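Printed here is query_22.txt (compact mmCIF, C-alpha atoms and all ligand atoms):
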# COMPACT_ATOMS: atom_id res chain seq x y z
CA MET A 1 -9.83 37.26 -1.48
CA VAL A 2 -8.45 33.99 -2.77
CA LYS A 3 -10.57 30.94 -1.97
CA ALA A 4 -9.20 27.61 -0.79
CA ASN A 5 -10.01 24.42 -2.63
CA GLU A 6 -13.22 23.49 -0.84
CA ASN A 7 -12.72 19.82 -1.47
CA TYR A 8 -9.83 19.87 0.99
CA LEU A 9 -12.16 21.23 3.65
CA ARG A 10 -14.09 17.96 3.52
CA LEU A 11 -11.07 15.94 4.68
CA GLN A 12 -11.60 14.49 8.13
CA GLY A 13 -8.76 15.34 10.51
CA SER A 14 -5.16 14.82 9.46
CA TYR A 15 -3.65 11.91 7.57
CA LEU A 16 -3.88 8.79 9.77
CA PHE A 17 -0.15 8.20 10.13
CA SER A 18 0.49 11.89 10.84
CA THR A 19 -2.10 11.75 13.63
CA ILE A 20 -0.40 8.70 15.12
CA ALA A 21 3.04 10.31 14.87
CA ARG A 22 1.71 13.42 16.61
CA LYS A 23 0.11 11.39 19.40
CA VAL A 24 3.31 9.43 19.96
CA SER A 25 5.46 12.54 20.08
CA GLU A 26 3.05 14.22 22.50
CA TYR A 27 3.20 11.13 24.68
CA THR A 28 6.99 10.95 24.62
CA ALA A 29 7.28 14.67 25.35
CA ALA A 30 5.14 14.15 28.44
CA HIS A 31 6.87 10.88 29.46
CA LYS A 32 10.52 11.39 28.57
CA ASP A 33 11.60 8.46 30.74
CA GLN A 34 9.64 6.08 28.47
CA ALA A 35 10.82 7.44 25.12
CA ASP A 36 13.56 4.82 24.61
CA HIS A 37 11.23 2.04 25.63
CA ILE A 38 8.67 2.65 22.88
CA ILE A 39 8.37 -0.01 20.19
CA ARG A 40 6.91 1.20 16.91
CA LEU A 41 4.74 -1.31 15.05
CA GLY A 42 2.44 1.35 13.62
CA ILE A 43 3.30 2.68 10.17
CA GLY A 44 4.49 0.02 7.74
CA ASP A 45 8.02 1.36 7.53
CA VAL A 46 10.90 -1.07 7.08
CA THR A 47 13.78 -1.29 9.53
CA GLN A 48 16.34 -3.54 7.85
CA PRO A 49 19.18 -1.86 5.90
CA LEU A 50 19.19 -1.97 2.11
CA ALA A 51 20.53 -5.26 0.76
CA PRO A 52 24.27 -5.35 -0.09
CA LYS A 53 23.61 -5.64 -3.84
CA ILE A 54 21.50 -2.49 -3.73
CA ILE A 55 24.10 -0.60 -1.72
CA GLU A 56 26.84 -1.66 -4.12
CA THR A 57 24.75 -0.51 -7.09
CA LEU A 58 23.94 2.80 -5.44
CA HIS A 59 27.65 3.45 -4.83
CA GLY A 60 28.44 2.61 -8.45
CA ALA A 61 25.70 4.91 -9.72
CA VAL A 62 26.86 7.76 -7.46
CA ASP A 63 30.37 7.39 -8.90
CA GLU A 64 28.89 7.61 -12.42
CA MET A 65 27.35 10.94 -11.45
CA ALA A 66 30.83 12.23 -10.55
CA ASP A 67 32.16 11.90 -14.10
CA ALA A 68 30.97 14.04 -17.04
CA ALA A 69 31.20 10.98 -19.32
CA THR A 70 28.69 8.98 -17.25
CA PHE A 71 26.74 11.77 -15.56
CA HIS A 72 22.92 11.66 -15.85
CA GLY A 73 20.67 14.72 -15.74
CA TYR A 74 16.90 14.58 -16.05
CA ALA A 75 15.70 11.00 -16.19
CA PRO A 76 13.30 10.03 -18.98
CA ASP A 77 9.95 11.00 -17.48
CA LEU A 78 8.44 7.52 -17.84
CA GLY A 79 11.53 5.72 -16.52
CA TYR A 80 14.88 4.42 -17.78
CA GLN A 81 14.59 1.65 -20.32
CA PHE A 82 16.84 -0.69 -18.32
CA LEU A 83 14.41 -0.61 -15.39
CA ARG A 84 11.25 -0.83 -17.48
CA ASP A 85 12.74 -3.85 -19.28
CA ALA A 86 13.62 -5.57 -15.99
CA ILE A 87 10.11 -4.98 -14.61
CA ALA A 88 8.42 -6.15 -17.82
CA LYS A 89 10.49 -9.34 -17.79
CA GLU A 90 9.29 -10.07 -14.27
CA TYR A 91 5.70 -9.81 -15.56
CA THR A 92 6.28 -11.99 -18.60
CA ASP A 93 8.09 -14.58 -16.47
CA ARG A 94 4.88 -14.77 -14.45
CA GLY A 95 2.84 -15.28 -17.59
CA CYS A 96 1.47 -11.72 -17.73
CA GLU A 97 1.38 -9.92 -21.05
CA ILE A 98 2.94 -6.57 -20.12
CA ARG A 99 5.37 -4.59 -22.27
CA PRO A 100 8.09 -2.19 -21.05
CA ASP A 101 6.28 0.79 -22.60
CA GLU A 102 3.26 0.04 -20.40
CA ILE A 103 5.33 0.61 -17.24
CA PHE A 104 5.58 4.08 -15.71
CA VAL A 105 8.36 4.43 -13.15
CA SER A 106 7.69 6.82 -10.27
CA ASP A 107 8.82 7.84 -6.82
CA GLY A 108 6.54 5.34 -5.11
CA ALA A 109 3.18 3.65 -4.85
CA LYS A 110 1.78 6.21 -2.44
CA SER A 111 2.12 9.03 -4.97
CA ASP A 112 0.81 6.88 -7.80
CA SER A 113 -2.17 5.58 -5.85
CA GLY A 114 -2.99 9.14 -4.82
CA ASN A 115 -2.48 10.66 -8.26
CA ILE A 116 -3.95 8.05 -10.58
CA GLN A 117 -7.54 9.27 -10.02
CA GLU A 118 -6.62 12.51 -11.85
CA ILE A 119 -6.99 10.89 -15.24
CA PHE A 120 -10.62 9.93 -14.59
CA SER A 121 -13.66 12.17 -14.78
CA GLU A 122 -14.59 14.30 -11.82
CA ASP A 123 -17.91 12.53 -11.46
CA ALA A 124 -16.46 9.00 -11.50
CA LYS A 125 -18.14 6.87 -8.85
CA VAL A 126 -15.51 5.48 -6.51
CA ALA A 127 -15.70 2.16 -4.64
CA VAL A 128 -13.31 1.45 -1.80
CA CYS A 129 -12.92 -1.41 0.61
CA ASP A 130 -13.74 -0.73 4.22
CA PRO A 131 -11.25 -0.76 5.95
CA VAL A 132 -8.92 0.79 3.36
CA TYR A 133 -5.52 2.45 2.89
CA PRO A 134 -6.56 6.10 3.51
CA VAL A 135 -4.74 7.50 0.46
CA TYR A 136 -7.40 6.17 -1.96
CA VAL A 137 -10.17 7.88 -0.02
CA ASP A 138 -8.42 11.16 0.76
CA SER A 139 -7.11 11.70 -2.78
CA ASN A 140 -10.66 11.32 -4.13
CA VAL A 141 -11.95 13.71 -1.48
CA MET A 142 -9.35 16.24 -2.65
CA ALA A 143 -10.52 15.70 -6.22
CA GLY A 144 -14.13 16.46 -5.29
CA ARG A 145 -15.67 13.01 -5.70
CA SER A 146 -16.63 12.33 -2.09
CA GLY A 147 -19.72 14.43 -1.45
CA ASP A 148 -20.24 15.47 2.14
CA TRP A 149 -19.04 13.63 5.18
CA ASP A 150 -21.81 11.75 6.97
CA PRO A 151 -20.92 11.89 10.67
CA ALA A 152 -23.63 9.40 11.61
CA LYS A 153 -22.18 6.74 9.33
CA ASN A 154 -18.56 7.84 9.52
CA CYS A 155 -18.23 7.90 5.77
CA TYR A 156 -18.52 10.11 2.69
CA LYS A 157 -21.91 10.22 1.01
CA ASN A 158 -20.77 9.64 -2.59
CA PHE A 159 -18.32 6.77 -2.10
CA ILE A 160 -19.32 3.15 -2.29
CA TYR A 161 -17.89 1.41 0.76
CA MET A 162 -17.40 -2.33 0.40
CA PRO A 163 -17.31 -3.90 3.87
CA CYS A 164 -14.47 -6.31 4.50
CA THR A 165 -15.19 -8.21 7.66
CA ALA A 166 -14.40 -11.54 9.24
CA ASP A 167 -17.68 -12.82 7.70
CA ASN A 168 -16.37 -12.38 4.15
CA ASP A 169 -12.75 -13.20 5.04
CA PHE A 170 -11.96 -9.52 4.48
CA ILE A 171 -12.51 -9.86 0.72
CA ALA A 172 -14.89 -7.26 -0.69
CA GLU A 173 -17.98 -8.43 -2.48
CA ILE A 174 -19.13 -6.86 -5.71
CA PRO A 175 -21.26 -3.86 -4.70
CA LYS A 176 -24.93 -3.43 -5.57
CA GLU A 177 -24.38 0.11 -6.79
CA GLN A 178 -22.22 0.29 -9.91
CA PRO A 179 -18.83 2.01 -9.53
CA ASP A 180 -16.55 3.49 -12.20
CA LEU A 181 -13.34 3.17 -10.20
CA ILE A 182 -12.69 0.22 -7.91
CA TYR A 183 -9.73 0.30 -5.53
CA LEU A 184 -8.45 -3.14 -4.56
CA CYS A 185 -5.28 -3.92 -2.62
CA PHE A 186 -3.94 -7.46 -2.29
CA PRO A 187 -2.25 -8.67 -0.17
CA ASN A 188 -4.33 -6.23 1.77
CA ASN A 189 -3.32 -3.26 3.78
CA PRO A 190 -4.56 -3.15 6.53
CA THR A 191 -6.21 -6.56 7.06
CA GLY A 192 -3.45 -8.77 5.65
CA ALA A 193 -6.04 -10.72 3.63
CA ALA A 194 -5.01 -12.26 0.30
CA ILE A 195 -7.24 -12.94 -2.70
CA THR A 196 -7.41 -16.11 -4.76
CA LYS A 197 -7.09 -15.99 -8.51
CA ASP A 198 -10.73 -17.09 -8.93
CA ARG A 199 -12.03 -14.29 -6.75
CA LEU A 200 -9.83 -11.74 -8.50
CA GLN A 201 -11.03 -13.07 -11.87
CA GLU A 202 -14.61 -12.34 -10.74
CA TRP A 203 -13.65 -8.71 -10.18
CA VAL A 204 -11.94 -8.50 -13.57
CA ASP A 205 -14.97 -10.02 -15.31
CA TYR A 206 -17.27 -7.63 -13.47
CA ALA A 207 -15.17 -4.57 -14.33
CA ASN A 208 -15.07 -5.54 -18.00
CA ARG A 209 -18.82 -6.18 -18.01
CA VAL A 210 -19.78 -2.80 -16.54
CA GLY A 211 -16.95 -0.73 -18.02
CA ALA A 212 -15.28 0.03 -14.67
CA VAL A 213 -11.55 0.28 -13.96
CA ILE A 214 -9.82 -1.59 -11.14
CA LEU A 215 -6.96 0.29 -9.49
CA TYR A 216 -5.00 -2.64 -8.13
CA ASP A 217 -2.43 -1.93 -5.44
CA ALA A 218 0.01 -4.84 -5.32
CA ALA A 219 2.60 -3.17 -3.08
CA TYR A 220 2.78 -6.24 -0.83
CA GLU A 221 2.92 -9.00 -3.47
CA ALA A 222 6.41 -10.09 -2.34
CA TYR A 223 4.84 -11.31 0.91
CA ILE A 224 2.66 -13.94 -0.74
CA SER A 225 3.70 -17.33 0.61
CA ASP A 226 0.89 -19.43 -0.90
CA PRO A 227 2.03 -20.34 -4.45
CA SER A 228 -1.55 -20.57 -5.71
CA LEU A 229 -2.25 -16.86 -5.09
CA PRO A 230 -1.90 -14.26 -7.85
CA HIS A 231 0.93 -11.72 -7.56
CA SER A 232 -0.51 -9.51 -10.25
CA ILE A 233 -4.00 -8.74 -11.53
CA TYR A 234 -2.65 -9.37 -15.03
CA GLU A 235 -2.59 -13.08 -14.19
CA CYS A 236 -6.37 -12.85 -14.74
CA ASP A 237 -7.85 -13.09 -18.23
CA GLY A 238 -9.10 -9.77 -19.53
CA ALA A 239 -7.27 -7.60 -16.99
CA ARG A 240 -5.52 -5.67 -19.77
CA THR A 241 -8.79 -3.95 -20.66
CA CYS A 242 -9.87 -3.00 -17.13
CA ALA A 243 -6.97 -2.88 -14.67
CA ILE A 244 -4.20 -0.54 -13.62
CA GLU A 245 -1.61 -2.03 -11.28
CA ILE A 246 0.52 -0.09 -8.81
CA ARG A 247 3.68 -1.50 -7.27
CA SER A 248 6.35 -0.40 -4.88
CA PHE A 249 9.99 -1.07 -4.09
CA SER A 250 9.36 0.02 -0.50
CA LYS A 251 8.13 -3.17 1.07
CA ASN A 252 9.98 -5.83 -0.93
CA ALA A 253 13.33 -4.03 -1.12
CA GLY A 254 13.27 -1.51 1.72
CA PHE A 255 13.02 1.66 -0.43
CA THR A 256 10.72 3.58 1.94
CA GLY A 257 13.43 6.21 2.31
CA VAL A 258 14.84 5.84 -1.21
CA ARG A 259 11.51 6.16 -3.08
CA LEU A 260 10.72 4.09 -6.15
CA GLY A 261 7.58 2.50 -7.53
CA PHE A 262 5.73 2.02 -10.78
CA THR A 263 2.31 1.88 -12.35
CA VAL A 264 1.29 -0.40 -15.18
CA ILE A 265 -1.33 0.81 -17.65
CA PRO A 266 -1.90 -1.51 -20.59
CA THR A 267 -2.52 0.20 -23.91
CA ASP A 268 -5.74 -1.85 -24.24
CA LEU A 269 -7.33 0.04 -21.34
CA LYS A 270 -9.79 2.52 -22.81
CA ALA A 271 -12.30 4.92 -21.28
CA GLU A 272 -15.54 6.06 -22.91
CA GLY A 273 -14.95 7.31 -26.44
CA GLY A 274 -11.93 5.03 -26.85
CA VAL A 275 -9.67 7.32 -24.81
CA SER A 276 -6.37 5.62 -23.95
CA MET A 277 -5.73 5.86 -20.21
CA HIS A 278 -2.12 4.88 -20.91
CA ASP A 279 -1.70 8.01 -23.02
CA LEU A 280 -3.39 10.23 -20.46
CA TRP A 281 -1.12 9.00 -17.68
CA ALA A 282 1.92 9.48 -19.93
CA ARG A 283 0.73 13.03 -20.58
CA ARG A 284 0.24 13.65 -16.88
CA HIS A 285 3.61 12.13 -15.98
CA GLY A 286 5.37 14.23 -18.61
CA THR A 287 3.79 17.42 -17.32
CA LYS A 288 4.05 16.94 -13.58
CA TYR A 289 7.02 14.68 -13.05
CA ASN A 290 10.69 14.71 -13.96
CA GLY A 291 11.42 11.05 -13.38
CA ALA A 292 12.88 9.09 -10.48
CA PRO A 293 16.62 9.74 -9.99
CA TYR A 294 19.08 7.72 -12.07
CA ILE A 295 20.85 6.33 -9.01
CA VAL A 296 17.55 5.16 -7.54
CA GLN A 297 16.43 3.51 -10.78
CA LYS A 298 19.80 1.74 -11.03
CA ALA A 299 19.29 0.50 -7.48
CA GLY A 300 15.79 -0.62 -8.46
CA ALA A 301 17.11 -2.61 -11.40
CA SER A 302 19.57 -4.39 -9.10
CA VAL A 303 16.59 -5.86 -7.24
CA TYR A 304 15.96 -8.01 -10.34
CA THR A 305 19.51 -9.46 -10.51
CA PRO A 306 20.01 -13.00 -9.14
CA GLU A 307 22.00 -11.65 -6.19
CA GLY A 308 19.49 -8.88 -5.52
CA ARG A 309 16.56 -11.29 -5.65
CA LYS A 310 18.17 -13.67 -3.20
CA GLN A 311 18.99 -10.93 -0.71
CA ILE A 312 15.52 -9.42 -0.99
CA GLU A 313 13.93 -12.81 -0.38
CA GLY A 314 15.99 -13.02 2.79
CA GLN A 315 14.58 -9.69 3.99
CA VAL A 316 11.01 -10.68 3.23
CA ALA A 317 11.59 -13.91 5.18
CA TYR A 318 12.97 -11.85 8.08
CA TYR A 319 9.81 -9.76 8.25
CA MET A 320 7.57 -12.80 7.83
CA ARG A 321 9.26 -14.36 10.85
CA ASN A 322 8.13 -11.27 12.74
CA ALA A 323 4.63 -11.70 11.33
CA LYS A 324 4.55 -15.28 12.61
CA CYS A 325 5.85 -14.18 16.00
CA ILE A 326 3.04 -11.60 16.28
CA TYR A 327 0.34 -13.89 14.90
CA ASP A 328 1.22 -16.94 16.98
CA GLY A 329 1.99 -14.97 20.14
CA LEU A 330 -1.31 -13.11 20.09
CA LYS A 331 -3.34 -16.16 19.09
CA ASP A 332 -1.83 -18.21 21.93
CA ALA A 333 -2.70 -15.37 24.29
CA GLY A 334 -6.35 -15.62 23.24
CA TYR A 335 -6.54 -12.77 20.73
CA THR A 336 -8.53 -13.13 17.52
CA VAL A 337 -5.99 -12.52 14.77
CA TYR A 338 -6.01 -12.35 10.96
CA GLY A 339 -3.49 -11.75 8.18
CA GLY A 340 0.24 -12.22 8.70
CA VAL A 341 0.60 -15.25 6.42
CA ASN A 342 0.64 -13.70 2.94
CA ALA A 343 1.11 -10.16 4.17
CA PRO A 344 3.27 -8.21 6.62
CA TYR A 345 0.25 -6.93 8.55
CA ILE A 346 -1.55 -8.59 11.44
CA TRP A 347 -5.14 -7.51 12.00
CA LEU A 348 -6.49 -8.25 15.43
CA LYS A 349 -9.72 -7.79 17.30
CA THR A 350 -9.30 -5.42 20.21
CA PRO A 351 -9.82 -7.15 23.57
CA ASP A 352 -12.63 -6.41 26.02
CA HIS A 353 -14.70 -4.49 23.45
CA MET A 354 -12.24 -1.60 23.49
CA THR A 355 -12.53 0.82 20.58
CA SER A 356 -9.55 0.90 18.25
CA TRP A 357 -8.32 4.20 19.70
CA GLU A 358 -8.84 3.00 23.29
CA PHE A 359 -6.61 0.04 22.52
CA PHE A 360 -4.09 2.36 20.88
CA ASP A 361 -3.96 4.48 24.06
CA TYR A 362 -3.74 1.40 26.24
CA LEU A 363 -0.85 -0.09 24.27
CA LEU A 364 1.01 3.22 24.17
CA SER A 365 0.59 4.20 27.80
CA GLU A 366 0.67 0.80 29.52
CA LEU A 367 3.06 -1.15 27.29
CA ASN A 368 4.84 1.52 25.25
CA ILE A 369 3.85 -0.09 21.97
CA VAL A 370 2.63 1.84 18.93
CA GLY A 371 0.19 0.25 16.51
CA THR A 372 -2.48 1.51 14.14
CA PRO A 373 -6.14 1.78 15.16
CA GLY A 374 -8.37 -0.11 12.74
CA SER A 375 -11.01 2.62 12.76
CA GLY A 376 -8.46 4.93 11.10
CA PHE A 377 -8.88 2.79 7.98
CA GLY A 378 -12.68 3.08 7.86
CA PRO A 379 -15.83 2.37 9.85
CA CYS A 380 -15.55 -1.42 9.51
CA GLY A 381 -12.10 -1.21 11.09
CA GLU A 382 -13.61 -0.12 14.42
CA GLY A 383 -12.81 -2.68 17.10
CA TYR A 384 -9.74 -3.83 15.19
CA PHE A 385 -6.07 -2.96 15.35
CA ARG A 386 -3.13 -3.36 12.96
CA LEU A 387 0.40 -4.38 13.87
CA THR A 388 3.18 -4.37 11.32
CA ALA A 389 5.86 -7.01 10.89
CA PHE A 390 8.40 -4.42 9.68
CA GLY A 391 10.12 -3.91 13.05
CA SER A 392 13.32 -5.62 14.13
CA TYR A 393 12.84 -9.18 15.33
CA GLU A 394 14.05 -8.24 18.83
CA ASN A 395 11.55 -5.39 19.14
CA THR A 396 8.75 -7.46 17.69
CA LYS A 397 9.36 -10.27 20.14
CA GLU A 398 9.66 -7.85 23.03
CA ALA A 399 6.37 -6.17 22.06
CA ILE A 400 4.53 -9.48 21.94
CA ASP A 401 6.07 -10.56 25.25
CA ARG A 402 4.80 -7.33 26.80
CA ILE A 403 1.29 -7.84 25.45
CA VAL A 404 1.15 -11.50 26.43
CA SER A 405 2.56 -11.02 29.92
CA LYS A 406 0.04 -8.24 30.59
CA GLY A 407 -2.64 -10.83 29.90
C1 LIG B 501 1.09 1.84 6.03
O1 LIG B 501 1.57 1.78 7.17
O2 LIG B 501 -0.09 1.62 5.79
C2 LIG B 501 2.02 2.17 4.93
O3 LIG B 501 3.32 2.20 5.36
C3 LIG B 501 1.74 3.47 4.39
C4 LIG B 501 2.42 3.65 3.09
O4 LIG B 501 3.00 2.73 2.52
O5 LIG B 501 2.32 4.76 2.60

Translate the structure described by the file into structure tokens.
Ligand code: MLT
Amino acid sequence: MVKANENYLRLQGSYLFSTIARKVSEYTAAHKDQADHIIRLGIGDVTQPLAPKIIETLHGAVDEMADAATFHGYAPDLGYQFLRDAIAKEYTDRGCEIRPDEIFVSDGAKSDSGNIQEIFSEDAKVAVCDPVYPVYVDSNVMAGRSGDWDPAKNCYKNFIYMPCTADNDFIAEIPKEQPDLIYLCFPNNPTGAAITKDRLQEWVDYANRVGAVILYDAAYEAYISDPSLPHSIYECDGARTCAIEIRSFSKNAGFTGVRLGFTVIPTDLKAEGGVSMHDLWARRHGTKYNGAPYIVQKAGASVYTPEGRKQIEGQVAYYMRNAKCIYDGLKDAGYTVYGGVNAPYIWLKTPDHMTSWEFFDYLLSELNIVGTPGSGFGPCGEGYFRLTAFGSYENTKEAIDRIVSKG
């Protein structure tokens, strides 16, 4: 009889956000009278409509598809040149040396951050922050790099977990054991922490010294408000030889339902034996992917127009007003809160020594608010909770009023 991929059997439970969605729908099924009252600040999904420039571009691109003269079939598998050029210009404007042919357009950062591990050896040693976006962990479990689950420690035996706690300002320290692949995400999901250029440079220097690769998830870079902070790892010297960067149009431009992202792999990045990781990813992309749709890539390019930029900035500011509302409201109410200044996530300590899931249940059943339990992101997330700033302002304010008035 056919055998299942045993690696998948090592996965712990279901995907975090699926578990939350299931719990919320079970709760609403049992409490129908409360269903309309529930405020969702759990998954980092945007709520504002696409900006007018993007909508206008989408309409124009749809009309092109209606005419044989301007119709587009399969997209080039690595992305349309017009979009790769626009993205590369954004990098060079920021002083990063990145060429259009080093940009691989995709259907989003989640797929890329899950798939990128495929081009590395099966025995690559993986280091992840703790807490961490679960995709990095689960995709490496699926690929067979995790070893067994250790129930006593709540972690996989073969991964290097890099604790990110209040004591280190939620910035991972270089681990004692040497990794091959290092996942970093800044501004961070879930803690909302941001990294300085000096600290990021230390990681780049380390990776170059030991021959490791940094998989840098910069999906939230648009939320950086401090002008001294790096938006890209390629602002650091030497990153071209050790870093892959993954970006998204979801959080800056509201494409969570449209799907568009990209990965940057410089041609200077080589694995043992001089293997070009750029070429391997191109090979993988060509085999497994038929390119993001033309209309979506056109919409993506409109994000880089002056009008698009201005409108997008307005949306980011809208969400950051929510972040401030959550941060200030909870802090004034006596909560210990982090993040929310250079990131759309607020990371808070659960009150009264509740576990993360106890606080989740309390918020859902007592206040009809959905958030994300910190322990779902890793053992160091226990006792913490994440709220997202991606709701509407009215809902965000209402949620904080409910929490504060409950005391
Ligand atoms: C999150 O809530 O952590 C994100 O929305 C998940 C994602 O972007 O895939």

Kindly work out which residues sit at most 7 Å from ligand LIG 501 (chain B), using all atoms listed in the file, and give the list as an mmCIF file with C-alpha atoms, keeping the file's coordinate frame.
data_model
loop_
_atom_site.group_PDB
_atom_site.id
_atom_site.type_symbol
_atom_site.label_atom_id
_atom_site.label_comp_id
_atom_site.auth_asym_id
_atom_site.auth_seq_id
_atom_site.Cartn_x
_atom_site.Cartn_y
_atom_site.Cartn_z
ATOM 1 C CA GLY A 42 2.440 1.350 13.620
ATOM 2 C CA ILE A 43 3.300 2.680 10.170
ATOM 3 C CA GLY A 44 4.490 0.020 7.740
ATOM 4 C CA ASP A 45 8.020 1.360 7.530
ATOM 5 C CA LYS A 110 1.780 6.210 -2.440
ATOM 6 C CA TYR A 133 -5.520 2.450 2.890
ATOM 7 C CA ASN A 189 -3.320 -3.260 3.780
ATOM 8 C CA PRO A 190 -4.560 -3.150 6.530
#

Q: Within 9 Å of Tyr8 (chain A), counting only C-alpha atoms, which residues show up once you throw out same-chain ones fewer than 6 positions away? Write them as a list in words, please.
A: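 Near Tyr8 (chain A), the qualifying residues are Asp138, Val141, Met142, Ala143 and Gly144 of chain A.
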
Q: Would you mind listing what lies within 8 Å of region 220-233 of chain A as number ranges by chain, with all atoms listed in the file counted and same-chain residues fewer than 4 positions away left out?
A: A: 186-188, 194-197, 200, 216, 239, 243, 245, 248, 251-252, 316, 320, 341-344

**Q.** Nearby residues, (-9.7, -7.2, -17.1) file frame, 7 Å, all atoms listed in the file, as a list in words
**A.** Val204, Asp205, Ala207, Asn208, Cys236, Asp237, Gly238, Ala239, Arg240, Thr241, Cys242 and Ala243 of chain A

Q: For CA of Pro76 (chain A) and CA of Ala88 (chain A), determine how far apart the two atoms are, in Å to one decimal place.
A: 16.9 Å

Q: For region 22-24 of chain A, work out the shell of residues within 12 Å, counting only C-alpha atoms and skipping chain neighbours fewer than 6 positions away, then give it as a list in words.
A: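 Counting only the stated atoms, we get Ser14, Tyr15, Leu16, Ala30, His31, Lys32, Gln34, Ala35, Ile38, Ile39, Arg40, Leu41, Gly42, Ile43, Trp357, Phe360, Asp361, Leu363, Leu364, Ser365, Asn368, Ile369, Val370, Gly371 and Thr372 of chain A.
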
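CA of Gly254 (chain A) sits 11.3 Å away from CA of Gln311 (chain A).
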
Q. For Thr305 (chain A), which of A:Glu202, A:Glu90, A:Glu366, A:Glu173 is the closest residue, counting all atoms listed in the file?
A.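 Closest candidate: A:Glu90.
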
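Proximity of A:Ser146, A:Ser250, A:Thr287, A:Thr267 to Leu78 (chain A), computed with only C-alpha atoms, is greatest for A:Thr287.
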
(Q) Could you tell me how far CA of Cys164 (chain A) sits from CA of Glu313 (chain A), in Å to one decimal place? (A)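 CA of Cys164 (chain A) lies at a distance of 29.5 Å from CA of Glu313 (chain A).
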
**Q.** Nearest to Cys185 (chain A) by atom-to-atom distance, counting only C-alpha atoms, from A:Tyr294, A:Tyr327, A:Tyr206, A:Tyr136
**A.**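 Result for the nearest residue to Cys185 (chain A): A:Tyr136.
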
Q) Excluding same-chain residues fewer than 2 positions from region 268-283 of chain A, what lies within 12 Å of it counting only C-alpha atoms, as a ChimeraX atom specification? A) /A:76-79,97-99,101-106,112,115-121,124,180-181,207-208,210-215,238-245,262-266,285-291

Q: Please check which residues have atoms at most 8 Å from (10.0, -2.3, 9.8) in the file's coordinates, counting all atoms listed in the file, and write them as a PyMOL selection string.
A: chain A and resi 41+44-48+319+388-392

File dump, residues just selected, C-alpha atoms, as an mmCIF file, in the frame of the given file:
data_model
loop_
_atom_site.group_PDB
_atom_site.id
_atom_site.type_symbol
_atom_site.label_atom_id
_atom_site.label_comp_id
_atom_site.auth_asym_id
_atom_site.auth_seq_id
_atom_site.Cartn_x
_atom_site.Cartn_y
_atom_site.Cartn_z
ATOM 1 C CA LEU A 41 4.740 -1.310 15.050
ATOM 2 C CA GLY A 44 4.490 0.020 7.740
ATOM 3 C CA ASP A 45 8.020 1.360 7.530
ATOM 4 C CA VAL A 46 10.900 -1.070 7.080
ATOM 5 C CA THR A 47 13.780 -1.290 9.530
ATOM 6 C CA GLN A 48 16.340 -3.540 7.850
ATOM 7 C CA TYR A 319 9.810 -9.760 8.250
ATOM 8 C CA THR A 388 3.180 -4.370 11.320
ATOM 9 C CA ALA A 389 5.860 -7.010 10.890
ATOM 10 C CA PHE A 390 8.400 -4.420 9.680
ATOM 11 C CA GLY A 391 10.120 -3.910 13.050
ATOM 12 C CA SER A 392 13.320 -5.620 14.130
#

**Q.** Selected residue of minimal separation from Gln178 (chain A) among A:Tyr384, A:Ile160, A:Gly108, A:Val137, counting only C-alpha atoms
**A.**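 Of A:Tyr384, A:Ile160, A:Gly108, A:Val137, the one nearest Gln178 (chain A), counting only C-alpha atoms, is A:Ile160.
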
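Minimum distance to Phe82 (chain A) across A:Ala29, A:Val132, A:Ala299, A:Thr256 (counting all atoms listed in the file) occurs at A:Ala299.
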
Q. Counting only C-alpha atoms, which of A:Ala86, A:Ala323, A:Thr19, A:Thr355 gets nearest to Pro306 (chain A)?
A.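 Of all the options, A:Ala86 lies closest to Pro306 (chain A).
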